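Engineer: Provided herewith: input-v1.csv, CSV, C-alpha atoms.
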chain,number,residue,atom,x,y,z
R,1,MET,CA,90.9,141.8,86.4
R,2,SER,CA,89.3,139.8,83.6
R,3,GLU,CA,88.6,141.3,80.2
R,4,ASN,CA,84.8,141.0,80.8
R,5,LEU,CA,85.0,142.8,84.1
R,6,LYS,CA,87.0,145.6,82.5
R,7,LYS,CA,84.3,145.9,79.9
R,8,LEU,CA,81.5,145.7,82.5
R,9,THR,CA,83.0,148.5,84.6
R,10,GLY,CA,84.2,150.6,81.6
R,11,LYS,CA,82.6,153.6,79.9
R,12,ASN,CA,81.8,152.2,76.4
R,13,PRO,CA,78.2,150.9,76.0
R,14,LYS,CA,79.3,148.7,73.2
R,15,ASP,CA,81.5,146.9,75.7
R,16,PHE,CA,79.5,146.9,78.9
R,17,GLU,CA,76.0,146.2,77.5
R,18,PRO,CA,76.7,142.7,76.0
R,19,VAL,CA,78.6,141.7,79.2
R,20,ALA,CA,75.8,142.9,81.5
R,21,TYR,CA,73.2,141.1,79.3
R,22,SER,CA,75.3,137.9,79.5
R,23,LEU,CA,75.9,138.1,83.3
R,24,ILE,CA,72.1,138.3,83.9
R,25,ASN,CA,70.8,136.0,81.3
R,26,THR,CA,73.4,133.2,81.5
R,27,PRO,CA,73.7,133.9,84.5
R,28,ASP,CA,77.4,134.3,84.8
R,29,SER,CA,77.9,133.9,88.6
R,30,GLY,CA,81.6,133.6,88.1
R,31,LEU,CA,81.8,137.1,86.7
R,32,PHE,CA,79.6,138.4,89.5
R,33,LYS,CA,81.8,136.7,92.1
R,34,GLU,CA,84.8,138.5,90.6
R,35,LEU,CA,82.9,141.8,90.6
R,36,VAL,CA,82.1,141.4,94.3
R,37,GLU,CA,85.7,140.5,95.1
R,38,LYS,CA,86.8,143.8,93.6
R,39,ASP,CA,84.4,145.9,95.9
R,40,ASP,CA,87.3,147.5,97.7
R,41,TYR,CA,89.1,148.5,94.6
R,42,LEU,CA,86.3,150.1,92.6
R,43,TYR,CA,85.0,153.7,93.1
R,44,ASP,CA,81.5,154.0,94.4
R,45,PHE,CA,80.3,155.7,91.2
R,46,ILE,CA,81.6,152.8,89.1
R,47,LYS,CA,79.8,150.2,91.3
R,48,GLN,CA,76.6,152.3,91.0
R,49,ASN,CA,77.0,152.3,87.2
R,50,VAL,CA,77.4,148.6,87.2
R,51,SER,CA,74.3,148.2,89.4
R,52,ASP,CA,72.3,150.4,87.0
R,53,ARG,CA,73.5,148.4,84.0
R,54,LEU,CA,72.6,145.0,85.5
R,55,GLU,CA,69.2,146.2,86.7
R,56,LYS,CA,68.4,147.5,83.3
R,57,VAL,CA,68.8,144.0,81.8
R,58,CYS,CA,66.5,142.4,84.4
R,59,ASN,CA,62.9,141.7,83.4
R,60,LYS,CA,60.0,139.4,84.2
R,61,ASP,CA,61.5,136.6,82.2
R,62,ASN,CA,65.0,136.5,83.7
R,63,TYR,CA,64.7,137.9,87.2
R,64,THR,CA,64.9,134.5,88.9
R,65,ASN,CA,68.4,134.2,87.5
R,66,LEU,CA,69.4,136.6,90.3
R,67,ILE,CA,68.9,133.8,92.8
R,68,GLN,CA,72.2,132.2,91.6
R,69,LEU,CA,74.0,135.5,92.4
R,70,LEU,CA,72.9,135.5,96.0
R,71,LYS,CA,75.9,133.3,96.9
R,72,TYR,CA,78.1,136.4,96.7
R,73,TYR,CA,77.1,139.2,99.0
R,74,SER,CA,77.9,142.8,98.4
R,75,PRO,CA,76.2,145.9,99.8
R,76,SER,CA,77.0,147.6,96.6
R,77,TYR,CA,74.7,145.4,94.5
R,78,GLU,CA,72.2,144.5,97.2
R,79,ASP,CA,69.7,147.2,96.3
R,80,PHE,CA,69.4,146.4,92.7
R,81,ILE,CA,69.1,142.7,93.4
R,82,VAL,CA,66.4,143.0,96.1
R,83,ASN,CA,64.6,145.8,94.3
R,84,THR,CA,64.3,143.6,91.2
R,85,LEU,CA,63.3,140.5,93.1
R,86,SER,CA,60.6,142.3,95.1
R,87,LYS,CA,59.3,144.0,91.9
R,88,TYR,CA,58.5,140.6,90.4
R,89,ALA,CA,57.8,138.8,93.6
R,90,ASP,CA,55.3,136.0,93.7
R,91,GLU,CA,54.4,133.1,96.1
R,92,ASP,CA,57.0,130.8,94.6
R,93,LEU,CA,59.8,133.3,94.8
R,94,THR,CA,58.9,134.2,98.4
R,95,ASP,CA,59.0,130.4,99.3
R,96,THR,CA,62.4,130.1,97.8
R,97,MET,CA,63.6,133.2,99.7
R,98,LEU,CA,62.2,131.8,102.9
R,99,ASP,CA,64.0,128.5,102.4
R,100,LEU,CA,67.3,130.4,101.7
R,101,LEU,CA,66.8,132.5,104.8
R,102,GLU,CA,66.5,129.4,106.8
R,103,ASN,CA,69.0,127.1,105.1
R,104,GLY,CA,71.2,129.2,102.8
R,105,THR,CA,74.7,130.5,103.2
R,106,ILE,CA,75.5,133.7,105.2
R,107,SER,CA,75.5,135.6,101.9
R,108,GLU,CA,72.1,134.2,100.8
R,109,LYS,CA,70.6,134.9,104.2
R,110,THR,CA,71.8,138.5,104.1
R,111,TYR,CA,70.1,139.2,100.7
R,112,CYS,CA,67.0,137.4,101.9
R,113,ALA,CA,66.7,139.4,105.1
R,114,LYS,CA,66.8,142.5,102.9
R,115,TYR,CA,64.1,141.0,100.7
R,116,PHE,CA,61.8,140.5,103.7
R,117,SER,CA,62.2,144.1,104.7
R,118,VAL,CA,60.2,144.8,101.5
R,119,ILE,CA,58.1,141.6,101.2
R,120,LYS,CA,56.7,141.4,104.7
R,121,ASP,CA,55.8,137.7,105.0
R,122,THR,CA,55.3,136.9,108.7
R,123,LEU,CA,56.8,133.4,108.2
R,124,ALA,CA,60.2,135.1,108.0
R,125,LEU,CA,59.9,136.6,111.4
R,126,GLU,CA,61.3,133.6,113.3
R,127,PHE,CA,64.5,133.5,111.2
R,128,LEU,CA,64.9,137.3,111.2
R,129,LYS,CA,64.9,137.3,115.0
R,130,LYS,CA,67.3,134.4,115.0
R,131,TYR,CA,69.8,136.0,112.7
R,132,ALA,CA,69.4,139.5,114.1
R,133,LEU,CA,72.1,138.6,116.6
R,134,SER,CA,74.4,137.1,114.1
R,135,GLU,CA,78.1,137.9,114.3
R,136,ASP,CA,78.0,138.8,110.7
R,137,SER,CA,77.3,142.5,110.7
R,138,PHE,CA,75.6,142.7,107.3
R,139,LEU,CA,73.3,139.8,108.1
R,140,SER,CA,72.5,141.2,111.5
R,141,SER,CA,71.8,144.7,110.2
R,142,ASN,CA,69.5,143.5,107.4
R,143,CYS,CA,67.5,141.3,109.8
R,144,ILE,CA,67.2,144.2,112.3
R,145,THR,CA,66.1,146.5,109.5
R,146,ALA,CA,63.5,144.0,108.4
R,147,LEU,CA,62.2,143.6,112.0
R,148,ALA,CA,61.8,147.4,112.2
R,149,LYS,CA,59.7,147.3,109.0
R,150,PHE,CA,57.5,144.6,110.5
R,151,GLY,CA,57.2,146.8,113.7
R,152,ASP,CA,58.4,143.9,115.8
R,153,LYS,CA,59.6,145.3,119.1
R,154,GLU,CA,60.7,142.2,121.1
R,155,LEU,CA,64.4,142.4,120.4
R,156,TYR,CA,64.3,146.2,120.3
R,157,ASN,CA,63.1,146.2,123.9
R,158,ASN,CA,65.8,143.6,124.8
R,159,ALA,CA,68.4,145.9,123.3
R,160,LEU,CA,67.2,148.9,125.4
R,161,THR,CA,67.7,146.6,128.4
R,162,LYS,CA,71.2,145.7,127.3
R,163,LEU,CA,72.2,149.3,127.3
R,164,LYS,CA,71.9,149.3,131.1
R,165,SER,CA,73.8,146.0,131.5
R,166,ASP,CA,77.0,145.8,133.5
R,167,ASP,CA,78.6,143.9,130.7
R,168,GLU,CA,80.1,146.4,128.2
R,169,PHE,CA,79.9,143.9,125.4
R,170,GLU,CA,76.1,143.6,125.9
R,171,GLN,CA,75.9,147.4,126.0
R,172,LEU,CA,77.6,147.7,122.6
R,173,GLU,CA,75.5,144.9,121.2
R,174,GLY,CA,72.4,146.7,122.3
R,175,ALA,CA,73.6,150.0,120.8
R,176,LYS,CA,74.4,148.4,117.4
R,177,PHE,CA,70.9,146.8,117.4
R,178,LEU,CA,69.1,150.1,118.2
R,179,VAL,CA,71.0,152.0,115.5
R,180,SER,CA,70.3,149.4,112.9
R,181,TYR,CA,66.6,149.4,114.0
R,182,GLY,CA,66.5,153.0,113.1
R,183,ASP,CA,64.1,154.3,115.8
R,184,LYS,CA,65.4,157.8,116.7
R,185,SER,CA,63.3,157.9,119.9
R,186,CYS,CA,66.1,155.9,121.7
R,187,ILE,CA,68.8,158.6,121.0
R,188,ASN,CA,68.9,159.8,124.6
R,189,GLU,CA,69.3,156.3,126.0
R,190,LEU,CA,72.2,155.8,123.5
R,191,ILE,CA,73.9,159.0,124.6
R,192,GLN,CA,73.5,158.1,128.3
R,193,ALA,CA,75.0,154.6,127.6
R,194,ALA,CA,78.0,156.2,125.8
R,195,LYS,CA,78.6,158.6,128.7
R,196,TYR,CA,79.1,155.9,131.3
R,197,SER,CA,80.2,152.8,129.5
R,198,SER,CA,83.9,151.7,129.3
R,199,PHE,CA,83.0,151.1,125.6
R,200,GLY,CA,81.9,154.7,125.3
R,201,GLU,CA,84.0,155.4,122.2
R,202,HIS,CA,82.5,152.3,120.5
R,203,ILE,CA,78.9,153.3,121.3
R,204,ALA,CA,79.6,156.9,120.2
R,205,ALA,CA,80.9,155.7,116.9
R,206,GLU,CA,77.6,154.1,116.1
R,207,ILE,CA,75.2,156.9,117.1
R,208,PRO,CA,75.7,159.2,114.1
R,209,TYR,CA,74.3,156.4,111.9
R,210,LEU,CA,71.0,156.9,113.6
R,211,ILE,CA,71.0,160.7,113.8
R,212,PRO,CA,73.7,162.9,112.0
R,213,LEU,CA,76.5,164.1,114.3
R,214,ASN,CA,75.7,167.8,113.5
R,215,GLU,CA,72.3,167.3,115.1
R,216,ILE,CA,73.6,165.2,118.0
R,217,ILE,CA,76.0,168.0,119.2
R,218,LYS,CA,73.0,170.3,119.7
R,219,ARG,CA,71.5,167.9,122.2
R,220,PRO,CA,72.4,167.8,125.9
R,221,ASP,CA,75.7,166.0,126.3
R,222,GLY,CA,75.9,165.7,122.5
R,223,LEU,CA,79.3,167.5,122.5
R,224,PHE,CA,80.6,164.7,124.7
R,225,ILE,CA,79.7,162.2,122.0
R,226,LEU,CA,81.8,164.2,119.5
R,227,ASN,CA,84.7,164.1,122.0
R,228,LEU,CA,84.4,160.3,122.3
R,229,ILE,CA,84.4,160.0,118.5
R,230,ILE,CA,87.6,162.1,118.3
R,231,ASN,CA,89.2,159.8,120.9
R,232,GLY,CA,88.3,156.7,118.9
R,233,LEU,CA,89.4,157.8,115.4
R,234,GLY,CA,92.0,155.4,114.0
R,235,GLU,CA,91.4,152.9,116.8
R,236,VAL,CA,87.7,152.3,117.2
R,237,SER,CA,86.5,153.8,113.9
R,238,SER,CA,88.2,154.0,110.6
R,239,LEU,CA,89.6,157.3,109.3
R,240,ALA,CA,87.2,157.1,106.3
R,241,GLN,CA,84.4,157.7,108.7
R,242,VAL,CA,85.4,161.4,108.9
R,243,PHE,CA,83.2,161.7,105.8
R,244,ASP,CA,80.2,159.9,107.4
R,245,TYR,CA,80.6,162.1,110.5
R,246,GLU,CA,81.2,165.3,108.4
R,247,LEU,CA,83.9,166.3,110.8
R,248,TYR,CA,85.4,169.0,108.7
R,249,GLU,CA,82.1,170.9,108.6
R,250,ILE,CA,81.5,170.3,112.3
R,251,PHE,CA,84.9,171.6,113.3
R,252,ASP,CA,84.5,174.6,111.0
R,253,SER,CA,81.1,175.5,112.6
R,254,LEU,CA,82.5,175.1,116.1
R,255,ILE,CA,85.5,177.3,115.3
R,256,ASN,CA,83.3,180.1,113.9
R,257,GLY,CA,80.7,179.9,116.7
R,258,ASN,CA,80.8,180.7,120.4
R,259,VAL,CA,83.7,178.7,121.8
R,260,THR,CA,82.6,177.5,125.2
R,261,SER,CA,84.8,175.6,127.6
R,262,GLN,CA,83.5,172.3,126.3
R,263,ILE,CA,84.2,173.3,122.7
R,264,GLY,CA,87.6,174.4,123.8
R,265,VAL,CA,88.4,171.0,125.1
R,266,ILE,CA,87.0,169.3,121.9
R,267,LEU,CA,89.2,171.5,119.7
R,268,LEU,CA,92.3,170.9,121.7
R,269,ASN,CA,91.6,167.2,121.6
R,270,ALA,CA,91.0,167.4,117.8
R,271,ILE,CA,94.2,169.3,117.2
R,272,ASP,CA,96.2,166.6,119.1
R,273,LYS,CA,94.4,163.7,117.4
R,274,PHE,CA,94.8,165.0,113.8
R,275,GLU,CA,98.5,165.8,114.5
R,276,THR,CA,98.9,162.2,115.7
R,277,LEU,CA,97.1,160.8,112.7
R,278,THR,CA,99.2,162.7,110.1
R,279,GLU,CA,102.5,162.1,111.8
R,280,ASN,CA,102.3,158.4,112.2
R,281,ASP,CA,102.3,156.3,109.0
R,282,GLU,CA,100.6,153.4,110.8
R,283,TYR,CA,97.3,155.3,110.7
R,284,MET,CA,97.4,156.6,107.2
R,285,PHE,CA,99.3,153.8,105.3
R,286,ASP,CA,96.3,151.8,104.1
R,287,GLU,CA,93.9,154.8,103.6
R,288,GLY,CA,92.7,155.9,100.2
R,289,LYS,CA,93.7,159.2,98.6
R,290,GLU,CA,90.4,161.0,99.4
R,291,THR,CA,90.6,160.0,103.1
R,292,LYS,CA,94.2,161.2,103.3
R,293,GLN,CA,93.3,164.5,101.8
R,294,GLU,CA,90.3,165.0,104.1
R,295,ILE,CA,92.4,164.2,107.2
R,296,GLN,CA,95.1,166.7,106.0
R,297,ALA,CA,92.4,169.3,105.3
R,298,ILE,CA,91.0,168.9,108.9
R,299,LYS,CA,94.5,169.2,110.3
R,300,GLU,CA,95.1,172.4,108.4
R,301,LEU,CA,91.7,173.8,109.5
R,302,LEU,CA,92.7,173.2,113.1
R,303,SER,CA,96.3,174.2,112.9
R,304,GLY,CA,95.6,177.9,112.9
R,305,LEU,CA,93.9,177.9,116.3
R,306,ASP,CA,95.3,179.6,119.3
R,307,THR,CA,96.0,176.7,121.6
R,308,GLU,CA,97.0,178.9,124.5
R,309,ASN,CA,93.7,180.7,124.5
R,310,LEU,CA,91.8,177.4,124.1
R,311,SER,CA,93.6,176.0,127.1
R,312,LYS,CA,92.5,179.0,129.2
R,313,ILE,CA,88.9,178.5,128.0
R,314,ALA,CA,89.0,174.8,128.6
R,315,GLN,CA,90.1,175.1,132.3
R,316,GLU,CA,86.5,175.6,133.3
R,317,GLU,CA,86.1,171.9,132.6
R,318,LEU,CA,88.6,171.0,135.4
R,319,THR,CA,85.9,170.2,137.8
R,320,PRO,CA,84.9,166.7,139.1
R,321,ASN,CA,81.3,167.1,137.7
R,322,SER,CA,82.5,167.7,134.1
R,323,LEU,CA,82.2,165.0,131.5
R,324,PHE,CA,85.2,166.5,129.8
R,325,ILE,CA,87.5,166.5,132.9
R,326,TYR,CA,89.8,163.7,131.8
R,327,THR,CA,90.3,165.2,128.3
R,328,ALA,CA,90.8,168.7,129.8
R,329,LEU,CA,93.4,167.4,132.2
R,330,GLU,CA,95.5,166.1,129.2
R,331,PHE,CA,95.8,169.7,127.9
R,332,THR,CA,96.1,171.8,130.9
R,333,ASN,CA,99.3,173.6,132.0
R,334,ASN,CA,97.9,174.9,135.2
R,335,PRO,CA,99.1,172.8,138.2
R,336,GLU,CA,97.2,174.8,140.7
R,337,LYS,CA,93.9,174.0,139.0
R,338,VAL,CA,94.9,170.3,139.0
R,339,ARG,CA,95.8,170.4,142.7
R,340,GLN,CA,92.3,171.3,143.6
R,341,LEU,CA,91.2,167.9,142.2
R,342,LEU,CA,93.3,166.1,144.8
R,343,PHE,CA,90.4,166.6,147.3
R,344,SER,CA,87.8,165.1,145.0
R,345,ASP,CA,85.5,162.2,146.2
R,346,ASN,CA,86.2,160.6,142.8
R,347,GLN,CA,89.3,158.4,143.4
R,348,THR,CA,89.9,158.0,139.6
R,349,ILE,CA,90.0,161.8,139.2
R,350,VAL,CA,92.5,162.0,142.1
R,351,LEU,CA,94.8,159.5,140.5
R,352,LYS,CA,94.6,161.3,137.1
R,353,ALA,CA,95.4,164.6,138.8
R,354,ILE,CA,98.5,163.0,140.4
R,355,GLU,CA,99.6,161.7,136.9
R,356,ILE,CA,99.1,165.1,135.3
R,357,LEU,CA,101.1,166.8,138.0
R,358,LYS,CA,103.9,164.3,137.4
R,359,LYS,CA,103.6,165.0,133.7
R,360,LEU,CA,103.9,168.8,134.3
R,361,GLY,CA,107.0,168.2,136.5
R,362,ASP,CA,105.2,169.8,139.5
R,363,LEU,CA,104.3,166.8,141.7
R,364,THR,CA,105.3,167.3,145.4
R,365,PRO,CA,105.3,164.9,148.4
R,366,GLN,CA,102.5,167.0,149.9
R,367,ASP,CA,100.4,166.4,146.7
R,368,LYS,CA,100.8,162.7,147.3
R,369,GLU,CA,99.8,163.0,151.0
R,370,ASN,CA,96.7,165.1,150.1
R,371,ALA,CA,95.7,162.6,147.5
R,372,LEU,CA,96.2,159.5,149.7
R,373,GLU,CA,93.9,161.0,152.4
R,374,ASN,CA,91.0,160.6,150.0
R,375,ILE,CA,91.9,157.1,148.6
R,376,SER,CA,90.4,153.9,149.9
R,377,ASP,CA,91.1,151.8,146.8
R,378,GLU,CA,94.2,149.7,147.5
R,379,ASN,CA,95.2,149.5,143.8
R,380,ILE,CA,95.0,153.3,143.4
R,381,THR,CA,96.9,153.8,146.6
R,382,ASN,CA,99.7,151.5,145.3
R,383,ILE,CA,99.8,153.3,141.9
R,384,ILE,CA,100.1,156.8,143.6
R,385,LEU,CA,102.9,155.5,145.9
R,386,ALA,CA,104.8,154.2,142.9
R,387,ILE,CA,104.5,157.5,140.9
Could you write out this file's structure as C-alpha cells?
Structural biologist:
Amino acid sequence: MSENLKKLTGKNPKDFEPVAYSLINTPDSGLFKELVEKDDYLYDFIKQNVSDRLEKVCNKDNYTNLIQLLKYYSPSYEDFIVNTLSKYADEDLTDTMLDLLENGTISEKTYCAKYFSVIKDTLALEFLKKYALSEDSFLSSNCITALAKFGDKELYNNALTKLKSDDEFEQLEGAKFLVSYGDKSCINELIQAAKYSSFGEHIAAEIPYLIPLNEIIKRPDGLFILNLIINGLGEVSSLAQVFDYELYEIFDSLINGNVTSQIGVILLNAIDKFETLTENDEYMFDEGKETKQEIQAIKELLSGLDTENLSKIAQEELTPNSLFIYTALEFTNNPEKVRQLLFSDNQTIVLKAIEILKKLGDLTPQDKENALENISDENITNIILAI
C-alpha cells in the first residue's frame, strides 16, 4: 500500500484531506486505481469514509475530472461518482456519458449505466438493453436497474418468459434479471421457478435480494426457498451471504416458534450444513473473521436442538407430494416410512427411497422387487439393480 493510500484511508484529517484534494483535482487516476484494487482488503466503513472525503472535494469546477476515474470500476465508490456527476449534469456531460456507454470499457459502461438510472436520457435505452444481458454482473445489473427507472418492460417480459424455459441456464438468467429489475410483483413466479428448476438453489440464492428472506418464508412455499438456500451455502452462495440473508435471526425465530414438520426438516438440514461448514477447512479457509464468527454462532445456536424430536416431527414430510421429501429422507431413521415410498408414481422418489434403505442398512430383496414394479425408466432400473 502506497503512502498516499495509507493517508487517504487513515484517520488523520491533516493526512487524508490533502490526498483527497489531490486525487480529485489532479486527478490522480493512479491512486484511484490502487484504491479500487484494495477493495477486498478494506473494511466497508473505511471505503465509505474515503467516498465521503472524495465527494466533499468535488464541486462545479472539478467534477468533470471524475470522468478519468471511470476506467476503474468499484461498487464502493460508484454512488459518490454518479451522485456527483448527476448533480452537475448538463448536455455536454450527458453526451460524453452516452459515448462512453456505447464505446467505453466495461468499467466505464458500468458507471454510465448507473448515471442513466438518474439522468433518464432516452438515447441511452438502446445501449442499456444491449448491455443488460452482459456477462459482467455489475454492468448487467446497472443496466437493468436503469431500464426499471425508465419503466421499460421489454426485457422484463422476456425474463418472465425465460423462467418457464426448459433451459435451466435461461431460467437462472431470467431470475437474475428480474431481481435486478426490482419489481416485487414477480416474487411468486420466482418462487415457482426455484421449486421446479434443476438450478433451484441458484435461483433461491437470488430471491432475497428482491424481498428479504424473513418475508419470503411467510409466503406459500417460502420455507422451501430457505431450504434451498441452506443446501447451496458454500457451493452456490458464499458464506458471507449469511449476513445478507440474516440466517441467524431467521433460525432463532423458527426455533422459538411453532416447529412444524417443514421447519423440522429445515432445522435438521441446517444443523447438518453448519456442522459440515465448520468441520471442513475448505469452506472456511478464505473467509473473513466476521463471517467465521457468524457461521460458528449459527452452529452453536443450532447445536442445542433435540435432533431426535426434530426427526419425528419431520417424518410428516415423507410423502410424495411434499417439496421437502428429498431432504426429509436424508435425515430419517424410520425404514418403514421409507418403504411406503416404494409404491410412489414418482420414479425418482422410488430410487431415493431405495438409496436411503441401503444407507440405513435395511434394504431387502423384496424392497427391490416392490420398487422395480413401478419403474419404467431403464436408467433407474439399472441403478436399483446395481445397489
Engineer: Near region 93-98 of chain R, counting all atoms listed in the file, which residues have an atom at most 7 Å away, once you skip same-chain residues fewer than 3 positions from it, shown as JSON, numbers by chain?
Structural biologist: {"R": [89, 90, 101, 102, 112, 124]}
Engineer: Could you tell me how far CA of Leu133 (chain R) sits from CA of Asp167 (chain R), in Å to one decimal place?
Structural biologist: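 Rounded to one decimal, the two atoms are 16.4 Å apart.
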Engineer: With only C-alpha atoms counted, which protein, DNA or RNA residues have an atom no more than 12 Å from (84.7, 142.7, 78.8) in the file frame? Please answer as a PDB file with C-alpha atoms, keeping the file's coordinate frame.
Structural biologist:
ATOM      1  CA  MET R   1      90.900 141.800  86.400  1.00  0.00           C
ATOM      2  CA  SER R   2      89.300 139.800  83.600  1.00  0.00           C
ATOM      3  CA  GLU R   3      88.600 141.300  80.200  1.00  0.00           C
ATOM      4  CA  ASN R   4      84.800 141.000  80.800  1.00  0.00           C
ATOM      5  CA  LEU R   5      85.000 142.800  84.100  1.00  0.00           C
ATOM      6  CA  LYS R   6      87.000 145.600  82.500  1.00  0.00           C
ATOM      7  CA  LYS R   7      84.300 145.900  79.900  1.00  0.00           C
ATOM      8  CA  LEU R   8      81.500 145.700  82.500  1.00  0.00           C
ATOM      9  CA  THR R   9      83.000 148.500  84.600  1.00  0.00           C
ATOM     10  CA  GLY R  10      84.200 150.600  81.600  1.00  0.00           C
ATOM     11  CA  LYS R  11      82.600 153.600  79.900  1.00  0.00           C
ATOM     12  CA  ASN R  12      81.800 152.200  76.400  1.00  0.00           C
ATOM     13  CA  PRO R  13      78.200 150.900  76.000  1.00  0.00           C
ATOM     14  CA  LYS R  14      79.300 148.700  73.200  1.00  0.00           C
ATOM     15  CA  ASP R  15      81.500 146.900  75.700  1.00  0.00           C
ATOM     16  CA  PHE R  16      79.500 146.900  78.900  1.00  0.00           C
ATOM     17  CA  GLU R  17      76.000 146.200  77.500  1.00  0.00           C
ATOM     18  CA  PRO R  18      76.700 142.700  76.000  1.00  0.00           C
ATOM     19  CA  VAL R  19      78.600 141.700  79.200  1.00  0.00           C
ATOM     20  CA  ALA R  20      75.800 142.900  81.500  1.00  0.00           C
ATOM     21  CA  TYR R  21      73.200 141.100  79.300  1.00  0.00           C
ATOM     22  CA  SER R  22      75.300 137.900  79.500  1.00  0.00           C
ATOM     23  CA  LEU R  23      75.900 138.100  83.300  1.00  0.00           C
ATOM     24  CA  LEU R  31      81.800 137.100  86.700  1.00  0.00           C
ATOM     25  CA  LEU R  35      82.900 141.800  90.600  1.00  0.00           C
TER      26      LEU R  35
END
Engineer: Counting only C-alpha atoms, which residue out of R:Ile375, R:Leu85, R:Ile203, R:Ile387 sits closest to Glu170 (chain R)?
Structural biologist: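 Using only C-alpha atoms, the shortest distance to Glu170 (chain R) belongs to R:Ile203.
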Engineer: Can you tell me, as a count of residues only, what residues are no more than 12 Å from Leu190 (chain R) when counting all atoms listed in the file, ignoring any on the same chain fewer than 6 positions away?
Structural biologist: 36
Engineer: Write out as a PyMOL selection string the residues lying within 10 Å of Glu317 (chain R), counting only C-alpha atoms and excluding same-chain residues fewer than 4 positions away.
Structural biologist: chain R and resi 260-262+264-265+313+321-329
Engineer: How about saving the chosen residues, C-alpha atoms kept, as a compact mmCIF listing (two decimals), in the frame of the given file?
Structural biologist:
# COMPACT_ATOMS: atom_id res chain seq x y z
CA THR R 260 82.60 177.50 125.20
CA SER R 261 84.80 175.60 127.60
CA GLN R 262 83.50 172.30 126.30
CA GLY R 264 87.60 174.40 123.80
CA VAL R 265 88.40 171.00 125.10
CA ILE R 313 88.90 178.50 128.00
CA ASN R 321 81.30 167.10 137.70
CA SER R 322 82.50 167.70 134.10
CA LEU R 323 82.20 165.00 131.50
CA PHE R 324 85.20 166.50 129.80
CA ILE R 325 87.50 166.50 132.90
CA TYR R 326 89.80 163.70 131.80
CA THR R 327 90.30 165.20 128.30
CA ALA R 328 90.80 168.70 129.80
CA LEU R 329 93.40 167.40 132.20
Engineer: Contacts of Asn25 (chain R) at 12 Å or less, counting all atoms listed in the file, minus same-chain residues fewer than 3 places along, as a list in words?
Structural biologist: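 Counting all atoms listed in the file, the residues come to Pro18, Val19, Ala20, Tyr21, Ser22, Asp28, Ser29, Leu54, Glu55, Lys56, Val57, Cys58, Asn59, Lys60, Asp61, Asn62, Tyr63, Thr64, Asn65, Leu66, Ile67, Gln68 and Leu69 of chain R.
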Engineer: Of the candidates R:Ala386, R:Leu267, R:Ile106, R:Ile119, which one gets nearest to Ser253 (chain R) if we count all atoms listed in the file?
Structural biologist: R:Leu267
Engineer: Closest to Asn157 (chain R) among R:Gly257, R:Cys186, R:Pro75, R:Lys289, using only C-alpha atoms?
Structural biologist: R:Cys186
Engineer: Just to confirm, what's the straight-line distance from CA of Asp286 (chain R) to CA of Glu235 (chain R) in Å (one decimal)?
Structural biologist: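 CA of Glu235 (chain R) lies at a distance of 13.7 Å from CA of Asp286 (chain R).
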Engineer: Excluding Phe251 (chain R) and any residue of its chain fewer than 6 positions from it, enumerate the residues within 9 Å of it, using all atoms listed in the file, and give them as a list in words.
Structural biologist: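 Close residues of Phe251 (chain R): Leu267, Ala270, Ile298, Leu301 and Leu302 of chain R.
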Engineer: Export, as a PDB file, keeping the file's coordinate frame, the selected residues with C-alpha atoms.
Structural biologist:
ATOM      1  CA  LEU R 267      89.200 171.500 119.700  1.00  0.00           C
ATOM      2  CA  ALA R 270      91.000 167.400 117.800  1.00  0.00           C
ATOM      3  CA  ILE R 298      91.000 168.900 108.900  1.00  0.00           C
ATOM      4  CA  LEU R 301      91.700 173.800 109.500  1.00  0.00           C
ATOM      5  CA  LEU R 302      92.700 173.200 113.100  1.00  0.00           C
TER       6      LEU R 302
END
Engineer: Could you list as a list in words every residue that has an atom within 9 Å of (70.4, 138.4, 97.7), using the file's coordinates and counting all atoms listed in the file?
Structural biologist: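 Within 9 Å of (70.4, 138.4, 97.7), the protein and nucleic acid residues are Leu66, Ile67, Gln68, Leu69, Leu70, Lys71, Tyr72, Tyr73, Ser74, Tyr77, Glu78, Asp79, Ile81, Val82, Leu85, Met97, Ser107, Glu108, Lys109, Thr110, Tyr111, Cys112, Ala113, Lys114 and Tyr115 of chain R.
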Engineer: Just checking: using all atoms listed in the file, which residue out of R:Phe243, R:Asn258, R:Ser137, R:Ala193 ends up closest to Pro212 (chain R)?
Structural biologist: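 Using all atoms listed in the file, Pro212 (chain R) sits closest to R:Phe243.
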Engineer: Mind pulling up the distance from CA of Leu228 (chain R) to CA of Asn382 (chain R)?
Structural biologist: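 Interatomic distance here is 29.0 Å.
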Engineer: Nearest to Leu100 (chain R) among R:Leu128, R:Gln366, R:Ala194, R:Ile383, with distances taken over all atoms listed in the file: which residue is it?
Structural biologist: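 Once distances to Leu100 (chain R) are computed over all atoms listed in the file, the minimum belongs to R:Leu128.
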Engineer: Using all atoms listed in the file for the distances, tell me which of R:Glu290, R:Asp136, R:Asp99, R:Asp52 is nearest to Phe80 (chain R).
Structural biologist: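 Among R:Glu290, R:Asp136, R:Asp99, R:Asp52, it is R:Asp52 that comes nearest to Phe80 (chain R).
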